[in-house]
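What follows is the content of upload_9.cif, which has mmCIF, C-alpha atoms:
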data_final
#
loop_
_atom_site.label_atom_id
_atom_site.label_comp_id
_atom_site.auth_asym_id
_atom_site.auth_seq_id
_atom_site.Cartn_x
_atom_site.Cartn_y
_atom_site.Cartn_z
CA MET A 1 143.70 64.72 73.07
CA ALA A 2 141.02 63.69 70.61
CA ASN A 3 138.99 62.44 73.58
CA LEU A 4 139.38 65.79 75.37
CA LYS A 5 138.21 67.60 72.24
CA ALA A 6 135.10 65.43 72.03
CA ILE A 7 134.29 66.10 75.70
CA ARG A 8 134.72 69.87 75.21
CA GLN A 9 132.37 69.80 72.24
CA ARG A 10 129.84 67.82 74.26
CA ILE A 11 129.99 70.35 77.10
CA LYS A 12 129.47 73.26 74.67
CA SER A 13 126.52 71.44 73.10
CA VAL A 14 124.84 70.85 76.46
CA GLN A 15 125.48 74.47 77.49
CA ALA A 16 123.79 75.69 74.30
CA THR A 17 120.81 73.41 75.02
CA GLN A 18 120.65 74.71 78.58
CA LYS A 19 120.42 78.30 77.33
CA ILE A 20 117.44 77.34 75.16
CA THR A 21 115.63 75.47 77.94
CA ARG A 22 116.19 78.36 80.36
CA ALA A 23 114.79 80.83 77.87
CA MET A 24 111.74 78.63 77.22
CA ARG A 25 111.20 78.23 80.96
CA MET A 26 111.23 81.99 81.47
CA VAL A 27 108.81 82.56 78.59
CA ALA A 28 106.43 79.84 79.85
CA ALA A 29 106.62 81.21 83.42
CA ALA A 30 105.69 84.69 82.20
CA LYS A 31 102.79 83.37 80.13
CA VAL A 32 101.39 80.95 82.69
CA ARG A 33 100.75 83.74 85.20
CA ARG A 34 98.54 85.54 82.70
CA ALA A 35 96.86 82.27 81.72
CA GLN A 36 96.12 81.54 85.38
CA ALA A 37 94.59 85.00 85.76
CA ARG A 38 92.36 84.39 82.71
CA VAL A 39 91.18 81.05 84.11
CA GLN A 40 90.32 82.54 87.50
CA ALA A 41 88.58 85.51 85.91
CA ALA A 42 86.42 83.29 83.67
CA ARG A 43 85.23 80.91 86.38
CA PRO A 44 82.74 83.33 88.04
CA PHE A 45 81.16 84.09 84.64
CA THR A 46 80.79 80.36 83.94
CA LYS A 47 79.13 79.94 87.32
CA ALA A 48 76.76 82.86 86.64
CA VAL A 49 75.71 81.41 83.27
CA VAL A 50 75.01 78.03 84.85
CA GLU A 51 72.97 79.57 87.66
CA MET A 52 70.93 81.66 85.24
CA LEU A 53 70.18 78.63 83.09
CA LEU A 54 69.17 76.61 86.14
CA ASP A 55 66.83 79.42 87.25
CA ALA A 56 65.31 79.52 83.77
CA VAL A 57 64.79 75.76 83.73
CA LYS A 58 62.85 75.99 87.00
CA GLU A 59 60.35 78.26 85.26
CA ILE A 60 59.60 75.73 82.50
CA ALA A 61 57.46 72.65 82.74
CA ALA A 62 59.29 69.39 82.16
CA VAL A 63 57.15 68.60 79.11
CA ASP A 64 58.21 71.89 77.46
CA LEU A 65 61.90 71.02 77.78
CA TYR A 66 61.45 68.41 75.05
CA GLY A 67 61.10 71.28 72.60
CA LEU A 68 64.76 72.17 73.19
CA PRO A 69 66.80 69.76 71.01
CA LEU A 70 70.11 70.40 72.79
CA LEU A 71 68.57 69.16 76.05
CA HIS A 72 66.85 66.13 74.55
CA ALA A 73 68.57 62.80 75.27
CA ARG A 74 68.08 59.90 72.87
CA PRO A 75 69.43 56.35 72.51
CA ILE A 76 73.19 56.64 72.05
CA LYS A 77 74.68 54.97 68.99
CA THR A 78 77.47 57.42 68.08
CA VAL A 79 79.55 59.42 70.54
CA ALA A 80 81.80 62.31 69.54
CA LEU A 81 84.84 63.06 71.67
CA ILE A 82 86.23 66.60 71.71
CA ILE A 83 89.92 66.12 72.57
CA LEU A 84 91.91 69.18 73.63
CA SER A 85 95.68 69.07 73.03
CA SER A 86 98.45 71.53 72.24
CA ASP A 87 99.89 72.70 68.93
CA ARG A 88 103.45 72.50 70.25
CA GLY A 89 105.46 69.95 72.18
CA LEU A 90 108.13 70.24 74.87
CA CYS A 91 105.47 70.21 77.59
CA GLY A 92 106.28 66.97 79.35
CA SER A 93 103.52 64.39 79.65
CA TYR A 94 100.70 66.90 79.13
CA ASN A 95 99.52 65.56 75.77
CA THR A 96 100.37 61.95 76.63
CA ASN A 97 98.03 61.99 79.63
CA VAL A 98 95.18 63.43 77.55
CA PHE A 99 95.67 60.84 74.80
CA ARG A 100 95.83 58.00 77.33
CA GLU A 101 92.47 59.07 78.77
CA ALA A 102 91.01 59.46 75.28
CA LEU A 103 92.14 55.99 74.21
CA SER A 104 90.75 54.48 77.39
CA ARG A 105 87.39 56.16 76.76
CA ILE A 106 87.36 55.05 73.10
CA GLN A 107 87.95 51.45 74.13
CA ALA A 108 85.20 51.64 76.76
CA LEU A 109 82.68 53.04 74.27
CA GLU A 110 83.55 50.51 71.60
CA ALA A 111 83.20 47.72 74.16
CA GLU A 112 79.65 48.98 74.74
CA GLY A 113 78.97 48.64 71.01
CA LYS A 114 78.93 52.38 70.32
CA LYS A 115 80.55 54.12 67.39
CA VAL A 116 83.13 56.79 68.18
CA ALA A 117 83.97 59.94 66.20
CA LEU A 118 86.55 62.59 67.05
CA ILE A 119 86.67 66.38 67.08
CA LEU A 120 90.35 67.18 67.53
CA VAL A 121 91.80 70.44 68.84
CA GLY A 122 95.56 70.94 68.44
CA LEU A 123 98.24 69.66 66.07
CA LYS A 124 99.41 67.03 68.55
CA ALA A 125 95.98 65.39 68.69
CA ALA A 126 95.64 65.52 64.89
CA ALA A 127 99.03 63.83 64.47
CA PHE A 128 98.46 61.23 67.20
CA PHE A 129 95.03 60.06 66.01
CA LYS A 130 95.85 60.29 62.30
CA SER A 131 96.75 56.61 62.05
CA LEU A 132 93.74 55.38 64.05
CA LYS A 133 90.83 54.08 62.02
CA ILE A 134 88.29 56.34 63.70
CA GLU A 135 86.15 58.93 61.98
CA LYS A 136 87.48 62.48 62.38
CA LEU A 137 84.63 64.95 62.20
CA LYS A 138 86.76 68.10 62.44
CA ASN A 139 90.32 69.22 63.18
CA TYR A 140 91.06 72.59 64.77
CA THR A 141 94.78 73.35 64.58
CA LEU A 142 97.11 76.34 64.82
CA LEU A 143 94.68 78.22 67.05
CA PRO A 144 95.82 81.47 68.71
CA ALA A 145 97.97 81.07 71.80
CA ILE A 146 95.36 82.91 73.88
CA PRO A 147 91.95 81.18 73.60
CA SER A 148 89.10 83.42 72.47
CA VAL A 149 85.33 83.22 72.59
CA GLU A 150 85.26 83.03 68.77
CA GLU A 151 87.17 79.74 68.81
CA ALA A 152 84.89 78.34 71.50
CA LYS A 153 81.82 79.46 69.55
CA LEU A 154 83.11 77.78 66.38
CA ILE A 155 83.71 74.45 68.12
CA SER A 156 80.42 74.64 70.01
CA GLN A 157 78.38 75.40 66.89
CA GLN A 158 80.00 72.51 65.02
CA ALA A 159 79.25 70.04 67.82
CA SER A 160 75.69 71.35 68.30
CA ALA A 161 74.93 71.13 64.57
CA LEU A 162 76.14 67.53 64.41
CA PHE A 163 74.05 66.67 67.47
CA ILE A 164 70.87 68.34 66.19
CA ASP A 165 70.99 66.75 62.73
CA GLY A 166 71.46 63.29 64.30
CA THR A 167 75.00 62.60 63.07
CA ILE A 168 76.02 62.03 66.68
CA ASP A 169 73.92 61.20 69.72
CA ALA A 170 76.22 62.47 72.47
CA VAL A 171 79.32 64.60 72.87
CA GLU A 172 82.00 64.31 75.53
CA LEU A 173 84.92 66.65 76.13
CA ILE A 174 88.32 65.41 77.28
CA GLY A 175 90.81 68.03 78.45
CA THR A 176 92.66 69.23 81.54
CA GLN A 177 91.75 71.28 84.58
CA PHE A 178 94.34 73.73 85.87
CA ILE A 179 94.81 73.36 89.62
CA SER A 180 98.21 74.91 90.33
CA MET A 181 101.57 75.58 88.73
CA LEU A 182 102.65 72.05 89.62
CA ARG A 183 99.42 70.16 89.12
CA SER A 184 96.63 69.66 86.64
CA ARG A 185 94.20 66.82 86.16
CA ILE A 186 92.47 65.17 83.24
CA THR A 187 88.74 65.91 83.03
CA LYS A 188 85.94 64.27 81.07
CA ILE A 189 82.78 66.37 80.66
CA SER A 190 79.47 65.13 79.25
CA TYR A 191 78.87 68.01 76.87
CA LEU A 192 75.77 67.07 74.87
CA PRO A 193 72.93 66.56 75.52
CA ALA A 194 73.10 69.40 78.05
CA THR A 195 71.14 67.62 80.75
CA LEU A 196 70.54 69.30 84.10
CA SER A 197 73.17 67.15 85.80
CA ASN A 198 75.76 68.56 83.39
CA LEU A 199 75.10 72.11 84.54
CA LYS A 200 77.11 71.55 87.70
CA VAL A 201 80.47 72.86 86.57
CA ASP A 202 83.45 71.20 88.26
CA MET A 203 85.84 73.97 89.21
CA ALA A 204 88.57 74.07 91.82
CA VAL A 205 87.35 77.41 93.14
CA GLU A 206 83.98 75.88 94.00
CA SER A 207 85.39 73.43 96.54
CA VAL A 208 87.29 76.23 98.28
CA THR A 209 84.34 78.57 98.77
CA ALA A 210 81.48 76.08 99.06
CA ASN A 211 81.36 76.07 102.86
CA LEU A 212 81.52 79.84 103.07
CA ARG A 213 78.66 80.28 100.59
CA GLU A 214 76.56 77.71 102.43
CA THR A 215 77.02 79.49 105.75
CA MET A 216 76.16 82.86 104.24
CA ALA A 217 73.14 81.44 102.46
CA LYS A 218 71.73 80.01 105.69
CA SER A 219 72.19 83.28 107.56
CA GLU A 220 70.53 85.34 104.82
CA GLU A 221 67.82 82.85 103.89
CA SER A 222 65.23 84.46 106.13
CA ASN A 223 65.40 87.94 104.57
CA LYS A 224 66.67 87.09 101.08
CA MET A 225 64.75 88.54 98.18
CA THR A 226 64.40 86.48 95.04
CA PRO A 227 65.10 88.48 91.84
CA VAL A 228 62.44 88.53 89.17
CA ARG A 229 63.64 87.87 85.63
CA LEU A 230 61.62 88.72 82.56
CA PHE A 231 62.29 86.78 79.36
CA GLU A 232 61.19 88.32 76.07
CA PRO A 233 59.64 87.27 73.76
CA SER A 234 59.39 83.94 75.64
CA ILE A 235 61.50 81.94 78.05
CA LEU A 236 61.75 78.99 75.65
CA GLU A 237 63.01 81.18 72.82
CA VAL A 238 65.52 82.89 75.07
CA MET A 239 66.81 79.53 76.24
CA SER A 240 67.05 78.01 72.75
CA LYS A 241 68.68 81.05 71.12
CA GLU A 242 70.68 82.59 73.96
CA LEU A 243 71.07 80.75 77.26
CA ILE A 244 71.81 77.20 76.09
CA PRO A 245 74.17 78.23 73.23
CA LYS A 246 75.90 80.67 75.60
CA TYR A 247 76.29 77.94 78.19
CA LEU A 248 77.73 75.48 75.65
CA GLU A 249 80.11 78.10 74.24
CA ASN A 250 81.29 79.00 77.72
CA VAL A 251 81.96 75.36 78.65
CA ILE A 252 84.28 75.09 75.62
CA TYR A 253 85.86 78.47 76.34
CA GLN A 254 86.51 77.54 79.97
CA ALA A 255 87.99 74.20 78.87
CA LEU A 256 90.30 75.96 76.38
CA LEU A 257 91.48 78.38 79.08
CA GLU A 258 92.10 75.54 81.52
CA ALA A 259 93.98 73.56 78.85
CA SER A 260 96.10 76.58 77.89
CA ALA A 261 97.12 77.24 81.50
CA SER A 262 97.82 73.53 82.11
CA GLU A 263 99.97 73.33 78.96
CA LEU A 264 102.05 76.37 79.91
CA ALA A 265 102.54 75.09 83.46
CA ALA A 266 103.59 71.69 82.10
CA ARG A 267 106.03 73.33 79.68
CA MET A 268 107.51 75.49 82.45
CA ASN A 269 108.03 72.43 84.66
CA ALA A 270 109.45 70.38 81.77
CA MET A 271 111.93 73.12 80.85
CA THR A 272 112.90 73.54 84.51
CA ASN A 273 113.67 69.82 84.73
CA ALA A 274 115.55 69.95 81.42
CA SER A 275 117.67 72.89 82.63
CA ASN A 276 118.47 71.08 85.88
CA ASN A 277 119.40 67.92 84.00
CA ALA A 278 121.65 69.94 81.68
CA ARG A 279 123.34 71.52 84.68
CA ASP A 280 123.98 68.10 86.24
CA LEU A 281 125.27 66.73 82.91
CA ILE A 282 127.64 69.69 82.50
CA SER A 283 129.03 69.09 85.99
CA SER A 284 129.51 65.41 85.23
CA LEU A 285 131.18 66.08 81.87
CA THR A 286 133.41 68.76 83.42
CA LEU A 287 134.57 66.26 86.04
CA VAL A 288 135.30 63.68 83.33
CA TYR A 289 137.16 66.32 81.30
CA ASN A 290 139.30 67.39 84.26
CA LYS A 291 140.16 63.78 85.09
CA ALA A 292 141.10 63.05 81.48
CA ARG A 293 143.17 66.24 81.31
CA GLN A 294 144.98 65.42 84.56
CA SER A 295 145.59 61.90 83.30
CA GLY A 296 147.06 63.30 80.11
CA ILE A 297 149.34 65.69 82.01
CA THR A 298 150.49 62.89 84.31
CA GLN A 299 151.26 60.67 81.32
CA ASP A 300 153.27 63.47 79.68
CA LEU A 301 155.29 64.00 82.89
CA LEU A 302 156.01 60.29 83.17
CA GLU A 303 157.25 60.21 79.61
CA ILE A 304 159.50 63.25 80.20
CA VAL A 305 160.92 61.76 83.39
CA GLY A 306 161.41 58.41 81.73
CA GLY A 307 163.21 60.00 78.80
CA ALA A 308 165.46 62.01 81.11
CA GLU A 309 166.35 58.88 83.10
CA ALA A 310 167.15 57.02 79.87
CA LEU A 311 169.50 59.80 78.71
CA ARG A 312 171.20 59.96 82.10
CA GLY A 313 171.76 56.21 82.21
#

Whole structure given in structure tokens:
Amino acid sequence: MANLKAIRQRIKSVQATQKITRAMRMVAAAKVRRAQARVQAARPFTKAVVEMLLDAVKEIAAVDLYGLPLLHARPIKTVALIILSSDRGLCGSYNTNVFREALSRIQALEAEGKKVALILVGLKAAAFFKSLKIEKLKNYTLLPAIPSVEEAKLISQQASALFIDGTIDAVELIGTQFISMLRSRITKISYLPATLSNLKVDMAVESVTANLRETMAKSEESNKMTPVRLFEPSILEVMSKELIPKYLENVIYQALLEASASELAARMNAMTNASNNARDLISSLTLVYNKARQSGITQDLLEIVGGAEALRG
């Protein structure tokens, strides 16, 4: 009966774990819907900022762009990687995939003879890279569950200041892009210098509506009126103080939103799988328990019958 007691305790333990995983799945499912809505709501604003900056760049001579330090590329000796991770675990392979991509990029840069420094976002990244002998420029941990523009502004200003004073020569961002509840992908964005090629933001919504926008643009091209924008006091000052910082902040903010939604979706899927595994384990343990119990009853009956036969004989 000691074996039966151990099996009963195991079943109760798995049932308690199943209750926790179900609760975490429900919480993650409720949060991921709101996170998805925030991601989709922010994408049009990111697109508008990029388009405005591109329009402003068209108004400036190429020689004048050299006066904007955040756009100026120089020989790369040190590269900073902004790595976005989560503060909490229990989200499947979400953090592992990000770290694998980061390690691969670090090895590639070091093979090219470049020095690598890290700007880490999230407790998991801080813990994972703690033992690596790589310079850590800044750690951002225990951030609010819902990303805010203030966080993005803080990270952007830190990276921009390090780039302007020459501490680093380039900045890359490694995070995730939210695609659906079941899928996200690792992204690597060349963040600084903010060259014109970097202003093409890679968003899932763009691929869906690209053909429609192209068709509409061709049909309206003949009678389309180009808006006139006035920049005061000067276009260069507006770009250096407003447009470029706003663009850089919004890239970080969009990346934080995408990472938050991807993390919640990964946690929901991980807890769903854990709940299903707990259910299967409970069924298996219940079957083992019933077999052991039936075996015990059968053994008791055999002993009773054997004793009765011995008394009768």

Original post:
Taking the file as shown, what set of residues would the PyMOL selection byres ((chain A and resi 144) around 12) give back, as a ChimeraX atom specification?
Top reply: /A:86-88,121-122,140-143,145-152,256-257,260

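As for atom CA of A:Ser275 and atom CA of A:Ser180, they are spaced 21.0 Å apart.
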
Subject >> Atomic distance atom CA of A:Arg105 - atom CA of A:Gln254, expressed in Å with one decimal >> reply: 21.6 Å

Subject >> Using only C-alpha atoms: which of A:Ala6, A:Ala108, A:Val14, A:Val79 has the shortest distance to A:Ser283 >> reply: A:Val14

Subject >> Sel. within 7 Å of pt (103.5, 77.0, 85.0), counting all atoms listed in the file, output as a PyMOL selection string >> reply: chain A and resi 28-29+32+181-182+264-269

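Interatomic distance, atom CA of A:Gly113 to atom CA of A:Leu84: 24.4 Å.
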
Original post:
Taking (127.0, 73.3, 82.3) in the file's coordinates as the center, which residues reach within 12 Å of it, counting all atoms listed in the file, put as a ChimeraX atom specification?
Top reply: /A:8-19,274-287

Subject >> stretch 190-194 of chain A surroundings by only C-alpha atoms, 10 Å radius, close-in-sequence under 3 positions cut, as number ranges by chain >> reply: A: 69-74, 79-82, 156, 159-160, 163-164, 168-174, 197-199, 244, 247-248, 251-252

Original post:
Which residue out of A:Leu103, A:Ala127, A:Lys241, A:Thr78 has the minimum interatomic distance to A:Thr167 when only C-alpha atoms are used?
Top reply: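 Distance minimum relative to A:Thr167 lands on A:Thr78.
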
Original post:
Which residue gives the smallest distance to A:Leu90 among A:Arg25, A:Lys115, A:Lys136, A:Lys130, with all atoms listed in the file counted?
Top reply: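 Among the listed residues, the smallest separation from A:Leu90 belongs to A:Arg25.
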
**OP:** Name all residues at most 12 Å from A:Arg100 (count only C-alpha atoms; drop same-chain ones fewer than 2 positions away) and give them as a PyMOL selection string.
**Re:** chain A and resi 83+85+93-98+102-107+125+128-129+174-175+186

Got a sec to resolve the PyMOL selection byres ((chain A and resi 40) around 12) on this structure and send the residues as a JSON list (two decimals) with C-alpha atoms, in the coordinates of the input?
[["chain", "number", "residue", "atom", "x", "y", "z"],
["A", 33, "ARG", "CA", 100.75, 83.74, 85.20],
["A", 34, "ARG", "CA", 98.54, 85.54, 82.70],
["A", 35, "ALA", "CA", 96.86, 82.27, 81.72],
["A", 36, "GLN", "CA", 96.12, 81.54, 85.38],
["A", 37, "ALA", "CA", 94.59, 85.00, 85.76],
["A", 38, "ARG", "CA", 92.36, 84.39, 82.71],
["A", 39, "VAL", "CA", 91.18, 81.05, 84.11],
["A", 41, "ALA", "CA", 88.58, 85.51, 85.91],
["A", 42, "ALA", "CA", 86.42, 83.29, 83.67],
["A", 43, "ARG", "CA", 85.23, 80.91, 86.38],
["A", 44, "PRO", "CA", 82.74, 83.33, 88.04],
["A", 45, "PHE", "CA", 81.16, 84.09, 84.64],
["A", 46, "THR", "CA", 80.79, 80.36, 83.94],
["A", 47, "LYS", "CA", 79.13, 79.94, 87.32],
["A", 177, "GLN", "CA", 91.75, 71.28, 84.58],
["A", 178, "PHE", "CA", 94.34, 73.73, 85.87],
["A", 179, "ILE", "CA", 94.81, 73.36, 89.62],
["A", 180, "SER", "CA", 98.21, 74.91, 90.33],
["A", 203, "MET", "CA", 85.84, 73.97, 89.21],
["A", 204, "ALA", "CA", 88.57, 74.07, 91.82],
["A", 205, "VAL", "CA", 87.35, 77.41, 93.14],
["A", 206, "GLU", "CA", 83.98, 75.88, 94.00],
["A", 254, "GLN", "CA", 86.51, 77.54, 79.97],
["A", 257, "LEU", "CA", 91.48, 78.38, 79.08],
["A", 258, "GLU", "CA", 92.10, 75.54, 81.52],
["A", 261, "ALA", "CA", 97.12, 77.24, 81.50]]
